[in-house]
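A.B. asks: Got a structure for you, my_file14.cif, holding mmCIF, C-alpha atoms.
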```cif
data_entry
loop_
_atom_site.label_atom_id
_atom_site.label_comp_id
_atom_site.auth_asym_id
_atom_site.auth_seq_id
_atom_site.Cartn_x
_atom_site.Cartn_y
_atom_site.Cartn_z
CA GLU Q 6 -29.28 7.49 -21.71
CA VAL Q 7 -25.78 6.96 -20.35
CA GLN Q 8 -23.46 9.90 -20.88
CA LEU Q 9 -19.82 10.33 -19.91
CA LEU Q 10 -18.31 13.74 -20.48
CA GLU Q 11 -14.58 14.24 -19.95
CA SER Q 12 -12.93 17.59 -19.39
CA GLY Q 13 -9.66 19.00 -18.12
CA GLY Q 14 -7.33 18.04 -20.90
CA GLY Q 15 -4.92 20.44 -22.50
CA LEU Q 16 -1.27 21.30 -22.90
CA ALA Q 17 1.11 20.67 -20.02
CA GLN Q 18 4.86 20.96 -19.72
CA PRO Q 19 6.96 17.92 -18.84
CA GLY Q 20 6.86 17.54 -15.09
CA GLY Q 21 3.58 19.42 -14.91
CA SER Q 22 0.12 18.39 -13.74
CA LEU Q 23 -3.41 18.13 -15.06
CA LYS Q 24 -6.65 16.92 -13.50
CA LEU Q 25 -9.19 15.22 -15.71
CA SER Q 26 -12.86 14.97 -14.84
CA CYS Q 27 -15.57 12.69 -16.18
CA ALA Q 28 -19.14 13.73 -15.47
CA ALA Q 29 -21.52 10.80 -15.62
CA SER Q 30 -25.27 10.64 -16.03
CA GLY Q 31 -27.98 8.17 -16.97
CA PHE Q 32 -27.03 5.42 -14.51
CA THR Q 33 -26.44 4.86 -10.80
CA PHE Q 34 -22.87 6.12 -10.87
CA GLY Q 35 -21.88 5.04 -7.37
CA SER Q 36 -22.72 1.42 -8.09
CA TYR Q 37 -20.37 0.94 -11.01
CA PRO Q 38 -16.63 0.43 -11.35
CA MET Q 39 -15.03 2.96 -13.66
CA SER Q 40 -11.76 3.14 -15.54
CA TRP Q 41 -9.56 5.51 -17.47
CA PHE Q 42 -7.98 4.51 -20.76
CA ARG Q 43 -5.78 6.39 -23.19
CA GLN Q 44 -4.84 6.29 -26.84
CA ALA Q 45 -1.64 7.85 -28.08
CA PRO Q 46 -1.68 9.37 -31.58
CA GLY Q 47 -2.05 6.62 -34.17
CA LYS Q 48 -1.80 3.91 -31.51
CA GLY Q 49 -4.06 1.41 -29.83
CA LEU Q 50 -5.97 1.46 -26.57
CA GLU Q 51 -4.19 1.34 -23.22
CA TRP Q 52 -5.76 0.86 -19.79
CA VAL Q 53 -4.59 3.49 -17.29
CA SER Q 54 -6.48 3.14 -14.03
CA PHE Q 55 -9.48 1.50 -12.31
CA ILE Q 56 -11.64 2.40 -9.35
CA SER Q 57 -14.37 0.38 -7.68
CA GLY Q 58 -17.87 1.76 -7.17
CA SER Q 59 -17.19 2.73 -3.58
CA GLY Q 60 -13.77 4.11 -4.41
CA GLY Q 61 -12.15 1.74 -1.96
CA THR Q 62 -10.17 -0.20 -4.54
CA THR Q 63 -7.91 1.33 -7.14
CA HIS Q 64 -5.44 -0.06 -9.65
CA TYR Q 65 -2.90 1.59 -11.94
CA ALA Q 66 -0.90 0.65 -14.99
CA ASP Q 67 2.80 0.37 -14.22
CA SER Q 68 3.46 3.25 -16.62
CA VAL Q 69 1.52 5.70 -14.43
CA LYS Q 70 1.84 4.20 -10.95
CA GLY Q 71 3.04 6.76 -8.44
CA ARG Q 72 2.25 9.66 -10.76
CA PHE Q 73 -1.50 9.39 -11.43
CA THR Q 74 -4.31 9.19 -8.88
CA ILE Q 75 -7.84 8.07 -9.67
CA SER Q 76 -10.74 9.14 -7.47
CA ARG Q 77 -14.47 9.64 -7.60
CA ASP Q 78 -17.15 11.74 -5.97
CA ASN Q 79 -20.32 9.68 -6.04
CA SER Q 80 -22.37 12.60 -4.72
CA LYS Q 81 -21.43 14.50 -7.87
CA SER Q 82 -21.39 11.47 -10.22
CA THR Q 83 -17.91 12.45 -11.27
CA LEU Q 84 -14.72 10.51 -11.87
CA TYR Q 85 -11.29 12.13 -11.69
CA LEU Q 86 -7.73 11.47 -12.79
CA GLN Q 87 -5.02 13.59 -11.20
CA MET Q 88 -1.94 13.42 -13.38
CA ASN Q 89 1.37 14.60 -11.95
CA SER Q 90 4.96 14.46 -13.19
CA LEU Q 91 3.70 14.34 -16.74
CA ARG Q 92 5.94 13.00 -19.49
CA ALA Q 93 5.90 13.33 -23.26
CA GLU Q 94 4.79 9.70 -23.48
CA ASP Q 95 1.61 10.57 -21.57
CA THR Q 96 0.40 12.49 -24.63
CA ALA Q 97 -2.85 10.84 -25.68
CA VAL Q 98 -6.61 11.08 -25.80
CA TYR Q 99 -7.90 10.03 -22.38
CA TYR Q 100 -11.23 8.23 -22.10
CA CYS Q 101 -13.30 7.40 -19.06
CA ALA Q 102 -15.34 4.23 -19.34
CA LYS Q 103 -18.11 2.47 -17.47
CA ASP Q 104 -17.80 -1.22 -16.70
CA VAL Q 105 -20.57 -3.51 -17.94
CA GLY Q 106 -21.06 -4.53 -14.32
CA GLU Q 107 -23.01 -7.57 -13.22
CA THR Q 108 -25.65 -7.19 -10.54
CA TRP Q 109 -25.60 -9.74 -7.72
CA GLY Q 110 -28.43 -8.78 -5.41
CA ASN Q 111 -27.78 -5.13 -4.68
CA ILE Q 112 -24.08 -5.30 -5.49
CA VAL Q 113 -22.55 -4.56 -8.89
CA VAL Q 114 -19.58 -6.79 -9.59
CA VAL Q 115 -16.74 -5.96 -11.95
CA VAL Q 116 -17.03 -7.62 -15.35
CA GLY Q 117 -14.06 -5.92 -17.01
CA ALA Q 118 -15.61 -5.09 -20.37
CA MET Q 119 -16.34 -1.41 -20.90
CA GLU Q 120 -19.94 -0.77 -21.89
CA PHE Q 121 -19.79 2.99 -22.40
CA TRP Q 122 -16.96 5.37 -23.20
CA GLY Q 123 -16.72 9.13 -23.03
CA GLN Q 124 -15.81 11.20 -26.05
CA GLY Q 125 -12.26 11.65 -24.81
CA THR Q 126 -10.11 14.61 -23.81
CA GLN Q 127 -6.74 15.39 -25.40
CA VAL Q 128 -3.69 15.64 -23.17
CA THR Q 129 -0.50 16.97 -24.75
CA VAL Q 130 2.74 17.06 -22.83
CA SER Q 131 5.31 19.25 -24.50
CA SER Q 132 7.69 22.08 -23.75
CA GLU A 2 0.61 -9.65 -18.07
CA ILE A 3 -1.46 -11.33 -20.75
CA VAL A 4 -0.43 -10.32 -24.25
CA MET A 5 -3.17 -10.16 -26.88
CA THR A 6 -2.23 -10.57 -30.54
CA GLN A 7 -4.62 -9.73 -33.37
CA SER A 8 -4.38 -10.81 -36.98
CA PRO A 9 -4.31 -9.68 -39.64
CA ALA A 10 -3.24 -6.08 -39.07
CA THR A 11 -5.34 -5.01 -42.04
CA LEU A 12 -8.19 -6.87 -43.71
CA SER A 13 -9.47 -5.75 -47.11
CA VAL A 14 -13.07 -6.79 -47.68
CA SER A 15 -15.75 -5.91 -50.20
CA PRO A 16 -19.14 -4.69 -48.95
CA GLY A 17 -21.51 -7.60 -48.52
CA GLU A 18 -18.73 -10.08 -47.81
CA THR A 19 -17.86 -11.70 -44.48
CA ALA A 20 -14.85 -10.70 -42.41
CA ALA A 21 -13.19 -12.91 -39.81
CA LEU A 22 -10.85 -11.25 -37.33
CA SER A 23 -8.58 -13.26 -35.07
CA CYS A 24 -7.39 -12.60 -31.53
CA ARG A 25 -4.99 -14.82 -29.60
CA ALA A 26 -4.07 -14.58 -25.93
CA SER A 27 -0.66 -15.51 -24.52
CA GLN A 28 -2.45 -17.65 -21.93
CA SER A 29 -5.98 -18.82 -21.43
CA VAL A 30 -8.50 -16.08 -20.65
CA GLY A 31 -11.51 -18.39 -20.52
CA SER A 32 -14.40 -16.48 -22.07
CA ASN A 33 -13.31 -13.16 -20.60
CA LEU A 34 -12.84 -11.47 -23.95
CA ALA A 35 -14.39 -8.34 -25.41
CA TRP A 36 -14.39 -6.81 -28.88
CA TYR A 37 -14.60 -3.09 -29.61
CA GLN A 38 -15.10 -1.09 -32.78
CA GLN A 39 -13.48 2.28 -33.27
CA LYS A 40 -14.07 4.54 -36.24
CA PRO A 41 -11.68 7.40 -37.04
CA GLY A 42 -12.10 10.27 -34.61
CA GLN A 43 -14.69 8.37 -32.60
CA THR A 44 -14.82 6.68 -29.25
CA PRO A 45 -14.54 2.90 -28.89
CA ARG A 46 -17.83 1.00 -28.92
CA LEU A 47 -18.35 -2.33 -27.16
CA LEU A 48 -19.54 -4.99 -29.60
CA ILE A 49 -19.07 -8.30 -27.82
CA TYR A 50 -18.24 -9.41 -24.27
CA GLY A 51 -18.04 -12.81 -22.67
CA ALA A 52 -16.48 -13.84 -26.01
CA SER A 53 -19.88 -14.22 -27.67
CA THR A 54 -22.50 -11.97 -26.04
CA ARG A 55 -23.51 -9.01 -28.15
CA ALA A 56 -23.70 -5.73 -26.30
CA THR A 57 -26.95 -3.79 -26.24
CA GLY A 58 -27.95 -2.48 -29.65
CA ILE A 59 -25.30 -4.34 -31.62
CA ALA A 60 -26.45 -5.77 -34.94
CA ALA A 61 -26.76 -9.53 -35.31
CA ARG A 62 -24.22 -9.53 -38.15
CA PHE A 63 -21.53 -9.18 -35.47
CA SER A 64 -20.74 -12.47 -33.77
CA GLY A 65 -17.97 -13.64 -31.48
CA SER A 66 -16.66 -17.11 -30.86
CA GLY A 67 -13.84 -18.92 -29.13
CA SER A 68 -12.59 -19.61 -25.64
CA GLY A 69 -9.28 -20.17 -23.93
CA LYS A 70 -6.60 -18.59 -26.10
CA ASP A 71 -8.19 -18.24 -29.56
CA PHE A 72 -11.08 -15.99 -30.49
CA THR A 73 -12.79 -14.78 -33.65
CA LEU A 74 -14.98 -11.80 -34.45
CA THR A 75 -17.08 -12.45 -37.53
CA ILE A 76 -18.82 -9.65 -39.36
CA SER A 77 -21.32 -10.97 -41.86
CA SER A 78 -22.50 -9.06 -44.91
CA LEU A 79 -20.22 -6.09 -44.27
CA GLN A 80 -21.85 -2.69 -44.54
CA SER A 81 -20.17 0.64 -45.20
CA GLU A 82 -20.42 1.66 -41.55
CA ASP A 83 -18.48 -1.45 -40.48
CA PHE A 84 -15.17 -0.29 -41.93
CA ALA A 85 -13.21 0.59 -38.82
CA VAL A 86 -10.53 -0.65 -36.43
CA TYR A 87 -11.44 -3.54 -34.15
CA TYR A 88 -9.76 -4.31 -30.84
CA CYS A 89 -9.95 -7.34 -28.61
CA GLN A 90 -9.47 -7.00 -24.84
CA GLN A 91 -9.01 -9.59 -22.12
CA TYR A 92 -10.43 -9.17 -18.65
CA TYR A 93 -9.61 -12.55 -17.19
CA ASN A 94 -6.45 -11.58 -15.35
CA TRP A 95 -6.46 -7.97 -14.21
CA PRO A 96 -4.92 -5.60 -13.62
CA PRO A 97 -3.86 -4.82 -16.21
CA TRP A 98 -6.65 -5.06 -18.73
CA THR A 99 -4.88 -5.61 -22.04
CA PHE A 100 -5.80 -5.03 -25.67
CA GLY A 101 -4.67 -6.38 -28.97
CA GLN A 102 -3.02 -3.95 -31.34
CA GLY A 103 -6.10 -3.77 -33.54
CA THR A 104 -7.26 -4.97 -36.95
CA LYS A 105 -8.23 -2.39 -39.53
CA VAL A 106 -11.07 -3.49 -41.79
CA GLU A 107 -10.87 -1.53 -45.02
CA ILE A 108 -12.84 -1.44 -48.22
CA LYS A 109 -11.42 -3.65 -50.94
#
```
Could I get this file's structure written as structure tokens?
C.D. replies:
Amino acid sequence: EVQLLESGGGLAQPGGSLKLSCAASGFTFGSYPMSWFRQAPGKGLEWVSFISGSGGTTHYADSVKGRFTISRDNSKSTLYLQMNSLRAEDTAVYYCAKDVGETWGNIVVVVGAMEFWGQGTQVTVSS
Amino acid sequence: EIVMTQSPATLSVSPGETAALSCRASQSVGSNLAWYQQKPGQTPRLLIYGASTRATGIAARFSGSGSGKDFTLTISSLQSEDFAVYYCQQYYNWPPWTFGQGTKVEIK
């Protein structure tokens, strides 16, 4: 059974930092692209960041570029999101998500639809 | 960036009826379109990807159709557990992956 368990959320002051973690199990973590999404209170879903299975390719939403860093430790089956220079508008529930992935031989290719989502971790930025 | 627009914002449906939710892309996304269901306080759940392929474990009453710019999620014989917010998402041109603003399906 696939499980994604986020942690690390909490209250941060504007300009502060937080590091989110997403512990994965139930699948070959290192083979799959992963992403972070967020949902502000009462709002819709917003993509935040992407990382390839190897970690060699990353992408960021313009709203977080230069402030957030996505990474992964495949030996620990864990995904991370380092969030610096936090702003009030970063307040949201943050979800990690596993790409559907399409297997071509022994390579998993990005599909772009998110098959599994974690339960989310709340990040609140306020003074 | 591809903008996704969903309509209506809210759909009032009686249990047992059929609901049709619309999603339109600002440019063609081929069949690279997913639908998600989100219930209050819960995590999003993938229903459909590839515009019409049901995800694992998704009931047959959920069906997706369309290609290019216009897509529809049809929920047949609505059950109580189907009242939720539904989002469409394109993954044709990324980054960024973009979502519609959501359609809330409520009990009539």
A.B. asks: Can you translate the PyMOL selection byres ((chain Q) within 6 of (chain A)) into the concrete residues it hits in this file, as a ChimeraX atom specification?
C.D. replies: /Q:49,117,120,124
A.B. asks: Apply the PyMOL selection byres ((chain Q and resi 61-68) around 12) to the displayed file and report the matching residues as a PyMOL selection string.
C.D. replies: (chain Q and resi 35+38-43+51-60+69-78+86+88+90-92+94-95+115) or (chain A and resi 2+95-99)
A.B. asks: Please define a box with edges along x, y and z of the file around all atoms of range 50-56 of chain A given in the file, extend it by 3 Å on each side, and return its centre and edge lengths in Å to one decimal, as AutoDock Vina command-line options.
C.D. replies:
```
--center_x -20.1 --center_y -10.0 --center_z -25.4 --size_x 13.2 --size_y 14.5 --size_z 11.5
```
A.B. asks: If the PyMOL selection byres ((chain A and resi 25-31) around 6) were run on this exact file, what residues would it hold? Put them as JSON, numbers by chain.
C.D. replies: {"A": [3, 4, 5, 6, 24, 32, 33, 68, 69, 70, 71, 93]}
A.B. asks: I'd like the neighbourhood of Thr33 in chain Q as a PDB file with C-alpha atoms, keeping the file's coordinate frame, where a residue qualifies if any of its atoms comes within 12 Å (using all atoms listed in the file), though same-chain residues fewer than 6 positions away should be ignored.
C.D. replies:
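So part_31.pdb came out as:
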```pdb
ATOM      1  CA  GLU Q   6     -29.280   7.490 -21.710  1.00  0.00           C
ATOM      2  CA  VAL Q   7     -25.780   6.960 -20.350  1.00  0.00           C
ATOM      3  CA  GLN Q   8     -23.460   9.900 -20.880  1.00  0.00           C
ATOM      4  CA  MET Q  39     -15.030   2.960 -13.660  1.00  0.00           C
ATOM      5  CA  GLY Q  58     -17.870   1.760  -7.170  1.00  0.00           C
ATOM      6  CA  SER Q  59     -17.190   2.730  -3.580  1.00  0.00           C
ATOM      7  CA  ASN Q  79     -20.320   9.680  -6.040  1.00  0.00           C
ATOM      8  CA  SER Q  80     -22.370  12.600  -4.720  1.00  0.00           C
ATOM      9  CA  LYS Q  81     -21.430  14.500  -7.870  1.00  0.00           C
ATOM     10  CA  SER Q  82     -21.390  11.470 -10.220  1.00  0.00           C
ATOM     11  CA  THR Q  83     -17.910  12.450 -11.270  1.00  0.00           C
ATOM     12  CA  LYS Q 103     -18.110   2.470 -17.470  1.00  0.00           C
ATOM     13  CA  GLY Q 106     -21.060  -4.530 -14.320  1.00  0.00           C
ATOM     14  CA  ASN Q 111     -27.780  -5.130  -4.680  1.00  0.00           C
ATOM     15  CA  ILE Q 112     -24.080  -5.300  -5.490  1.00  0.00           C
ATOM     16  CA  VAL Q 113     -22.550  -4.560  -8.890  1.00  0.00           C
TER      17      VAL Q 113
END
```
A.B. asks: Tell me, in Å to one decimal, how far CA of Gln39 in chain A is from CA of Asp83 in chain A.
C.D. replies: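 So the answer is 9.5 Å.
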A.B. asks: Could you tell me how far CA of Tyr99 in chain Q lies from CA of Glu82 in chain A, in Å and to one decimal?
C.D. replies: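 One can read the CA of Tyr99 in chain Q to CA of Glu82 in chain A distance as 24.4 Å.
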A.B. asks: Figure out the distance between CA of Thr129 in chain Q and CA of Leu84 in chain Q, please, to one decimal in Å.
C.D. replies: 20.2 Å
A.B. asks: Neighbouring residues of Val114 in chain Q were defined as those with any atom within 9 Å, considering all atoms listed in the file; residues of the same chain fewer than 3 positions away were excluded. Please report them as a VMD selection string.
C.D. replies: chain Q and resid 36 to 38 106 to 109
A.B. asks: Take the residues from that selection and put them in a file with C-alpha atoms, as a short mmCIF file (atom, residue, chain, number, x, y, z; two decimals), in the coordinates of the input.
C.D. replies:
```
data_model
loop_
_atom_site.label_atom_id
_atom_site.label_comp_id
_atom_site.auth_asym_id
_atom_site.auth_seq_id
_atom_site.Cartn_x
_atom_site.Cartn_y
_atom_site.Cartn_z
CA SER Q 36 -22.72 1.42 -8.09
CA TYR Q 37 -20.37 0.94 -11.01
CA PRO Q 38 -16.63 0.43 -11.35
CA GLY Q 106 -21.06 -4.53 -14.32
CA GLU Q 107 -23.01 -7.57 -13.22
CA THR Q 108 -25.65 -7.19 -10.54
CA TRP Q 109 -25.60 -9.74 -7.72
#
```
A.B. asks: Just checking: using only C-alpha atoms, which residue out of Q:Leu9, Q:Leu16, Q:Val116, Q:Leu25 ends up closest to Ser131 in chain Q?
C.D. replies: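 Of Q:Leu9, Q:Leu16, Q:Val116, Q:Leu25, the one nearest Ser131 in chain Q, counting only C-alpha atoms, is Q:Leu16.
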A.B. asks: I need the residue nearest Asp104 in chain Q from this list: Q:Ser30, Q:Met119, Q:Tyr85, Q:Ser12. Use all atoms listed in the file for the distance.
C.D. replies: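 Going through Q:Ser30, Q:Met119, Q:Tyr85, Q:Ser12 one by one, the smallest distance to Asp104 in chain Q is for Q:Met119.
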A.B. asks: Anything within 9 Å of (-8.1, -14.9, -40.3): list those residues as a ChimeraX atom specification, counting only C-alpha atoms and sticking to the file's coordinates.
C.D. replies: /A:8-9,12,20-23,73
A.B. asks: Could you name the residues that touch Gln80 in chain A at 10 Å or less, counting all atoms listed in the file, but leaving out those on the same chain fewer than 2 positions away, as a list in words?
C.D. replies: Ser15, Pro16, Gly17, Glu18, Thr19, Arg62, Ile76, Ser77, Ser78, Glu82, Asp83, Phe84 and Ile108 of chain A
